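Student: Input protein_3.cif, format and content: mmCIF, C-alpha atoms and all ligand atoms.
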```cif
data_target
loop_
_atom_site.label_atom_id
_atom_site.label_comp_id
_atom_site.auth_asym_id
_atom_site.auth_seq_id
_atom_site.Cartn_x
_atom_site.Cartn_y
_atom_site.Cartn_z
CA MET A 1 85.97 86.97 105.40
CA GLU A 2 89.04 85.53 107.18
CA ILE A 3 89.34 87.85 110.19
CA ILE A 4 91.41 85.42 112.25
CA TYR A 5 94.31 83.56 110.66
CA GLY A 6 97.27 81.44 111.69
CA PRO A 7 99.00 81.04 113.95
CA VAL A 8 102.07 81.87 111.93
CA SER A 9 105.56 81.19 113.21
CA SER A 10 107.11 84.55 113.94
CA TRP A 11 110.79 84.94 114.83
CA ARG A 12 109.74 87.88 116.93
CA LEU A 13 106.54 86.68 118.57
CA GLY A 14 106.43 82.85 118.59
CA ARG A 15 103.09 81.29 117.51
CA SER A 16 101.27 84.42 116.48
CA LEU A 17 97.51 84.22 115.87
CA GLY A 18 96.62 87.07 113.53
CA ILE A 19 93.62 89.40 113.55
CA ASP A 20 92.88 91.36 110.40
CA LEU A 21 90.63 94.35 111.12
CA ILE A 22 90.91 95.55 107.50
CA CYS A 23 90.13 92.32 105.59
CA LYS A 24 90.77 93.35 101.99
CA GLU A 25 90.26 90.46 99.56
CA GLU A 26 92.57 92.09 97.00
CA GLY A 27 95.31 94.67 97.56
CA LYS A 28 95.70 96.52 100.85
CA VAL A 29 94.84 99.68 102.79
CA CYS A 30 97.95 101.41 104.11
CA SER A 31 99.54 104.81 104.66
CA PHE A 32 102.75 103.40 103.13
CA ASP A 33 103.46 101.57 99.90
CA CYS A 34 106.78 99.97 100.83
CA ILE A 35 108.88 98.79 97.91
CA TYR A 36 109.34 95.40 99.59
CA CYS A 37 105.73 94.82 100.71
CA SER A 38 104.72 91.19 100.29
CA LEU A 39 101.10 92.23 99.74
CA GLY A 40 101.92 94.04 96.49
CA ARG A 41 101.10 97.68 95.78
CA THR A 42 98.88 99.65 98.16
CA THR A 43 95.45 99.90 96.53
CA GLU A 44 94.12 102.43 99.05
CA LYS A 45 96.78 104.81 100.37
CA THR A 46 95.13 106.72 103.18
CA LEU A 47 95.50 108.27 106.61
CA GLU A 48 91.77 108.18 107.30
CA ARG A 49 90.64 105.82 110.05
CA LYS A 50 87.51 103.80 109.18
CA LEU A 51 85.48 100.85 110.41
CA TYR A 52 86.18 97.83 108.22
CA VAL A 53 85.39 94.77 110.37
CA PRO A 54 82.81 95.02 113.17
CA THR A 55 84.23 94.13 116.59
CA ASP A 56 81.48 91.61 117.41
CA LEU A 57 82.26 89.61 114.26
CA MET A 58 85.93 89.49 115.26
CA GLU A 59 85.02 88.40 118.79
CA GLU A 60 82.85 85.57 117.53
CA ASP A 61 85.60 84.29 115.20
CA LEU A 62 88.29 84.56 117.85
CA ARG A 63 86.29 82.60 120.44
CA LYS A 64 85.75 79.82 117.89
CA THR A 65 89.37 79.78 116.72
CA LEU A 66 90.90 79.66 120.18
CA LYS A 67 89.10 76.34 120.73
CA GLU A 68 90.85 74.92 117.65
CA VAL A 69 94.44 76.18 117.68
CA ASP A 70 97.31 76.89 120.08
CA ALA A 71 98.91 80.30 120.09
CA ASP A 72 101.43 82.28 122.16
CA ILE A 73 100.19 85.75 121.27
CA ILE A 74 97.33 87.52 119.48
CA THR A 75 98.63 89.92 116.84
CA PHE A 76 96.76 92.69 115.03
CA SER A 77 98.18 92.89 111.52
CA GLY A 78 96.60 91.68 108.27
CA THR A 79 95.83 93.27 104.91
CA GLY A 80 96.79 96.80 105.77
CA GLU A 81 97.85 99.14 108.54
CA PRO A 82 95.93 98.10 111.71
CA THR A 83 95.79 101.62 113.18
CA LEU A 84 93.63 102.65 110.19
CA ALA A 85 90.87 100.50 111.72
CA LEU A 86 88.77 102.86 113.79
CA ASN A 87 87.83 100.10 116.24
CA LEU A 88 91.40 98.98 117.04
CA GLY A 89 91.26 100.04 120.72
CA GLU A 90 87.82 98.48 121.20
CA ALA A 91 88.98 95.27 119.49
CA ILE A 92 92.06 94.99 121.75
CA MET A 93 89.81 95.27 124.80
CA ALA A 94 87.46 92.65 123.33
CA VAL A 95 90.42 90.25 122.93
CA ARG A 96 91.34 90.84 126.57
CA LYS A 97 87.85 89.67 127.63
CA ILE A 98 88.26 86.45 125.66
CA THR A 99 91.82 85.36 126.46
CA ASP A 100 94.78 85.99 128.78
CA LEU A 101 97.22 85.70 125.89
CA PRO A 102 99.33 88.83 125.31
CA VAL A 103 98.23 91.18 122.54
CA ALA A 104 100.57 92.71 119.95
CA VAL A 105 100.05 95.26 117.18
CA LEU A 106 102.32 95.52 114.13
CA THR A 107 102.23 99.08 112.87
CA ASN A 108 104.15 101.24 110.43
CA SER A 109 104.09 104.01 113.10
CA THR A 110 102.66 106.68 110.78
CA LEU A 111 99.57 107.33 112.91
CA MET A 112 101.42 107.40 116.25
CA VAL A 113 101.49 111.15 116.03
CA ARG A 114 97.73 111.08 116.78
CA GLU A 115 96.76 111.06 120.42
CA ASP A 116 93.77 108.73 119.91
CA VAL A 117 95.97 106.16 118.16
CA ARG A 118 98.64 106.29 120.88
CA ARG A 119 95.94 105.77 123.52
CA GLU A 120 94.56 102.74 121.67
CA LEU A 121 97.98 101.21 121.01
CA ALA A 122 98.83 101.60 124.70
CA LYS A 123 96.18 98.95 125.49
CA ALA A 124 98.39 96.27 123.86
CA ASP A 125 101.29 94.42 125.54
CA VAL A 126 103.65 94.56 122.57
CA ILE A 127 103.90 97.19 119.86
CA LYS A 128 106.15 96.70 116.92
CA GLY A 129 106.74 99.88 114.95
CA LYS A 130 108.78 100.44 111.81
CA LEU A 131 111.53 102.81 110.72
CA ASP A 132 113.43 102.16 107.50
CA ALA A 133 114.85 105.64 106.87
CA PRO A 134 116.94 108.37 108.52
CA ASN A 135 115.35 111.23 106.51
CA GLY A 136 112.49 112.21 104.21
CA GLU A 137 114.32 111.31 101.04
CA VAL A 138 114.96 107.68 101.99
CA LEU A 139 111.44 107.44 103.46
CA GLU A 140 110.10 108.44 100.01
CA ALA A 141 112.35 105.95 98.25
CA VAL A 142 111.65 102.95 100.51
CA ASN A 143 108.19 103.47 102.02
CA ARG A 144 106.47 105.70 99.40
CA PRO A 145 104.26 107.26 102.10
CA HIS A 146 100.91 109.02 101.83
CA GLN A 147 101.54 112.71 101.11
CA GLY A 148 100.37 113.57 104.63
CA VAL A 149 103.23 111.61 106.23
CA GLY A 150 106.48 113.51 106.85
CA PHE A 151 109.68 112.13 108.34
CA GLU A 152 109.79 114.60 111.26
CA GLU A 153 106.18 113.88 112.22
CA LEU A 154 106.78 110.14 111.98
CA VAL A 155 109.72 110.27 114.40
CA LYS A 156 107.87 112.71 116.68
CA GLY A 157 104.95 110.27 116.92
CA MET A 158 107.28 107.40 117.83
CA LYS A 159 108.98 109.46 120.53
CA LEU A 160 105.65 110.53 122.00
CA PHE A 161 104.47 106.96 122.00
CA ARG A 162 107.67 105.71 123.65
CA LYS A 163 107.32 108.29 126.39
CA GLY A 164 103.85 107.20 127.43
CA TYR A 165 103.98 103.44 126.77
CA ARG A 166 104.63 100.86 129.52
CA GLY A 167 104.57 97.71 127.37
CA LYS A 168 107.28 96.33 125.09
CA PHE A 169 108.01 98.66 122.20
CA SER A 170 110.20 97.33 119.44
CA ILE A 171 111.14 98.92 116.15
CA GLU A 172 111.79 96.90 113.04
CA VAL A 173 114.12 98.13 110.32
CA MET A 174 113.71 96.41 106.98
CA PHE A 175 117.04 96.60 105.24
CA VAL A 176 117.02 96.47 101.45
CA PRO A 177 119.62 97.66 98.90
CA GLN A 178 117.98 101.13 98.90
CA ASN A 179 118.67 101.90 102.58
CA VAL A 180 121.63 99.69 103.46
CA ARG A 181 124.16 102.55 103.36
CA TYR A 182 122.08 104.53 105.86
CA ALA A 183 122.27 101.90 108.61
CA GLY A 184 124.40 104.11 110.88
CA ARG A 185 122.09 107.09 110.59
CA ILE A 186 118.97 104.98 111.05
CA ALA A 187 120.57 103.56 114.22
CA GLU A 188 121.15 107.10 115.55
CA VAL A 189 117.50 108.08 115.06
CA ILE A 190 116.31 104.87 116.69
CA LYS A 191 118.60 105.42 119.65
CA GLU A 192 116.94 108.79 120.21
CA ILE A 193 113.50 107.15 120.16
CA GLY A 194 114.67 104.55 122.69
CA PRO A 195 112.70 101.35 121.96
CA ASP A 196 113.07 98.23 124.13
CA GLU A 197 114.32 96.28 121.14
CA VAL A 198 115.43 96.75 117.53
CA GLN A 199 114.61 94.07 114.97
CA ILE A 200 117.01 93.99 112.04
CA ASN A 201 115.22 92.43 109.11
CA THR A 202 115.49 91.90 105.35
CA PRO A 203 112.91 90.33 102.99
CA THR A 204 113.88 86.65 103.28
CA ARG A 205 110.88 85.29 101.41
CA PRO A 206 109.67 86.21 97.91
CA SER A 207 109.23 89.98 97.77
CA PRO A 208 109.52 92.63 95.05
CA VAL A 209 112.95 93.43 96.55
CA GLY A 210 115.63 90.82 97.20
CA PRO A 211 117.18 90.22 100.63
CA LEU A 212 120.58 91.36 101.85
CA THR A 213 123.12 88.63 102.51
CA PRO A 214 123.93 87.33 106.03
CA LYS A 215 127.29 89.11 105.72
CA GLN A 216 125.62 92.45 104.91
CA ILE A 217 123.26 92.02 107.86
CA GLU A 218 126.20 91.21 110.11
CA GLU A 219 127.86 94.48 109.09
CA ILE A 220 124.63 96.36 109.77
CA GLU A 221 124.44 94.84 113.26
CA GLU A 222 127.62 96.72 114.22
CA ASN A 223 125.63 99.97 114.15
CA PHE A 224 123.11 98.65 116.66
CA LYS A 225 125.41 96.97 119.14
CA THR A 226 124.83 99.55 121.89
CA MET A 227 121.10 98.70 121.70
CA ASN A 228 119.16 95.54 122.42
CA PHE A 229 118.67 94.03 118.96
CA ILE A 230 117.60 90.80 117.31
CA SER A 231 118.48 89.95 113.77
CA VAL A 232 116.68 87.95 111.10
CA TYR A 233 119.38 85.40 110.23
CA ARG A 234 120.07 84.54 113.87
CA ALA A 235 116.46 84.05 114.93
CA GLU A 236 114.91 80.73 115.88
CA ARG A 237 111.49 79.72 114.67
CA VAL A 238 108.73 77.73 116.35
CA ARG A 239 106.82 74.79 114.94
CA ILE A 240 103.11 75.20 114.18
CA GLU A 241 100.77 72.18 114.44
CA LYS A 242 97.44 73.48 113.13
CA ILE A 243 96.22 76.68 111.48
CA VAL A 244 93.00 78.45 110.44
CA GLY A 245 92.51 80.92 107.57
CA GLY A 246 95.02 79.15 105.31
CA LYS A 247 94.43 81.42 102.31
CA LYS A 248 95.27 84.53 104.28
CA VAL A 249 98.24 82.87 105.99
CA GLY A 250 99.69 82.18 102.56
CA ARG A 251 99.19 85.80 101.57
CA LEU A 252 100.56 87.28 104.76
CA LYS A 253 103.22 84.76 105.75
CA ARG A 254 106.07 86.97 104.67
CA ARG A 255 104.61 89.84 106.61
CA GLU A 256 104.66 88.23 110.02
CA GLY A 257 107.04 85.37 109.47
CA GLY A 258 110.21 87.34 108.94
CA GLY A 259 109.74 88.89 105.57
CA SER A 260 108.52 92.17 104.54
CA ARG A 261 106.09 94.05 106.58
CA SER A 262 105.35 96.24 109.53
S1 LIG B 1 105.10 96.59 104.44
FE1 LIG B 1 103.54 97.19 105.95
S2 LIG B 1 103.66 99.39 106.05
FE2 LIG B 1 104.70 98.78 104.20
S3 LIG B 1 103.13 98.92 102.60
FE3 LIG B 1 103.17 96.81 103.35
S4 LIG B 1 101.57 96.76 104.92
FE4 LIG B 1 102.08 98.93 104.57
#
```
How does the structure come out when it is put into structure tokens?

Tutor:
Amino acid sequence: MEIIYGPVSSWRLGRSLGIDLICKEEGKVCSFDCIYCSLGRTTEKTLERKLYVPTDLMEEDLRKTLKEVDADIITFSGTGEPTLALNLGEAIMAVRKITDLPVAVLTNSTLMVREDVRRELAKADVIKGKLDAPNGEVLEAVNRPHQGVGFEELVKGMKLFRKGYRGKFSIEVMFVPQNVRYAGRIAEVIKEIGPDEVQINTPTRPSPVGPLTPKQIEEIEENFKTMNFISVYRAERVRIEKIVGGKKVGRLKRREGGGSRS
């Protein structure tokens, strides 16, 4: 079981050492089934939080790995939605005991409406949420959510989280042909949420959905210019010397390296 993997070079986070608290060998566990997901179709679409990887196993692997590789940040991501791991809060605190490196969580934001999840996410230094739609119809078309996820609830959760969170909260928008014409309306919703940063992205590595062109992304940027944003084609990448968990890095690269995931 590859719990720790990387670091991967992330245009958003630098050398990001990943922690996978779900660890699915095949497929993934997620509350979304995004049309552009680099991990393929969601094999377990759920909103139920469960224990997948015991915290002590993660701790042991992380201690070992940090002796072998250099990283700038520890990032909870992996083969599914990290907030579905029941021990996420406990695992973040365990990381804090082991290292002073900042801790990030990449989430699709669907569980932010839950108080327990917001409390656990608040333990991290950086939270990157996701919003690819300005309404329920586009959410259905792009993210194919679990039937228990509604657009209003999703946005409500993000606003509640923003209100109580002191760390850096960024929201990524993955632009694909299916939502490109909604850029203006997506920007309006994000402005109401008020993140510290917006990350304008498009699947730049192999994905079931092709990327938008640099020109299209440039046009999209116009809608976000009153906010602090970074954009996929303008981002710089860092060089990685040595990695662990190579198999998983190959599988997840697109997800954290500027491709197609929360
Ligand atoms: S891109 Fe992220 S949120 Fe979407 S299905 Fe894949 S893992 Fe889930």

Student: Work out how far apart CA of Lys45 (chain A) and CA of Leu154 (chain A) are and give it in Å to one decimal.

Tutor: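 Rounded to one decimal, the two atoms are 16.2 Å apart.
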
Student: Quick one: contact table of chain A to ligand LIG 1 (chain B), 7 Å max, nearest atom pair and distance in Å to one decimal per residue, counting all atoms listed in the file, chain and number order, as a Markdown table?

Tutor:
```
| residue | atom | partner | partner_atom | distance |
| --- | --- | --- | --- | --- |
| A:Cys30 | CA | B:LIG1 | FE4 | 4.8 |
| A:Ser31 | CA | B:LIG1 | FE4 | 6.4 |
| A:Phe32 | CA | B:LIG1 | S3 | 4.5 |
| A:Asp33 | CA | B:LIG1 | S3 | 3.8 |
| A:Cys34 | CA | B:LIG1 | FE2 | 4.1 |
| A:Tyr36 | CA | B:LIG1 | S1 | 6.6 |
| A:Cys37 | CA | B:LIG1 | S1 | 4.2 |
| A:Ser38 | CA | B:LIG1 | FE3 | 6.6 |
| A:Leu39 | CA | B:LIG1 | FE3 | 6.2 |
| A:Thr42 | CA | B:LIG1 | S3 | 6.2 |
| A:Thr79 | CA | B:LIG1 | S4 | 6.7 |
| A:Gly80 | CA | B:LIG1 | S4 | 4.9 |
| A:Glu81 | CA | B:LIG1 | S4 | 5.7 |
| A:Thr107 | CA | B:LIG1 | S2 | 7.0 |
| A:Asn108 | CA | B:LIG1 | S2 | 4.8 |
| A:Asn143 | CA | B:LIG1 | FE2 | 6.2 |
| A:Ser260 | CA | B:LIG1 | S1 | 5.6 |
| A:Arg261 | CA | B:LIG1 | S1 | 3.5 |
| A:Ser262 | CA | B:LIG1 | FE1 | 4.1 |
```

Student: Go ahead and compute the interatomic distance for CA of Arg234 (chain A) and CA of Lys128 (chain A), in Å to one decimal.

Tutor: 18.7 Å

Student: Nearest residue to Arg15 (chain A) out of A:Leu101, A:Met1, A:Ile186, A:Val149, using all atoms listed in the file?

Tutor: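 Counting all atoms listed in the file, the residue closest to Arg15 (chain A) is A:Leu101.
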
Student: Between A:Val95, A:Glu68, A:Pro54, A:Lys248, which residue has the minimum interatomic distance to Glu26 (chain A), considering only C-alpha atoms?

Tutor: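 Checking each of A:Val95, A:Glu68, A:Pro54, A:Lys248 against Glu26 (chain A), counting only C-alpha atoms, the winner is A:Lys248.
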
Student: Taking the point (87.2, 90.2, 110.7) as given in the file, collect each protein or nucleic acid residue that comes within 6 Å of it, counting all atoms listed in the file, and present the set as a PyMOL selection string.

Tutor: chain A and resi 3+20-21+53+58

Student: For the residues selected in the previous step, produce a file with C-alpha atoms as an mmCIF file, in the frame of the given file.

Tutor:
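Output file selection.cif follows:
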```cif
data_model
loop_
_atom_site.group_PDB
_atom_site.id
_atom_site.type_symbol
_atom_site.label_atom_id
_atom_site.label_comp_id
_atom_site.auth_asym_id
_atom_site.auth_seq_id
_atom_site.Cartn_x
_atom_site.Cartn_y
_atom_site.Cartn_z
ATOM 1 C CA ILE A 3 89.340 87.850 110.190
ATOM 2 C CA ASP A 20 92.880 91.360 110.400
ATOM 3 C CA LEU A 21 90.630 94.350 111.120
ATOM 4 C CA VAL A 53 85.390 94.770 110.370
ATOM 5 C CA MET A 58 85.930 89.490 115.260
#
```

Student: Any chance you could work out the axis-aligned box around region 32-36 of chain A, listed atoms only, 4 Å on each side, giving centre and edge lengths in Å to one decimal, as JSON?

Tutor:
```
{"center_x": 106.0, "center_y": 99.4, "center_z": 100.5, "size_x": 14.6, "size_y": 16.0, "size_z": 13.2}
```

Student: Here is a test: counting all atoms listed in the file, which residue of A:Leu88, A:Ile35, A:Ala124, A:Val232 is nearest to Val138 (chain A)?

Tutor: A:Ile35

Student: How close does region 126-203 of chain A get to region 215-227 of chain A? List, as CSV, each residue of region 126-203 of chain A within 7 Å, its nearest atom pair and the distance in Å to one decimal, counting only C-alpha atoms.

Tutor:
```
residue,atom,partner,partner_atom,distance
A:Ala183,CA,A:Ile220,CA,6.1
A:Gly184,CA,A:Asn223,CA,5.4
A:Ala187,CA,A:Phe224,CA,6.0
```

Student: Considering all atoms listed in the file, state which residue in the set A:Arg144, A:Phe151, A:Asp72, A:Val176 is at the smallest distance from Gly210 (chain A).

Tutor: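 Under the stated criterion, the closest residue is A:Val176.
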
Student: What gap, in Å, lies between CA of Gln199 (chain A) and CA of Ser170 (chain A)?

Tutor: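 Separation between CA of Gln199 (chain A) and CA of Ser170 (chain A): 7.1 Å.
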
Student: So, with all atoms listed in the file as the atoms that count, which of A:Leu57, A:Leu47, A:Val209, A:Tyr182 lies closest to Gly148 (chain A)?

Tutor: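 That would be A:Leu47, the residue with the smallest distance to Gly148 (chain A).
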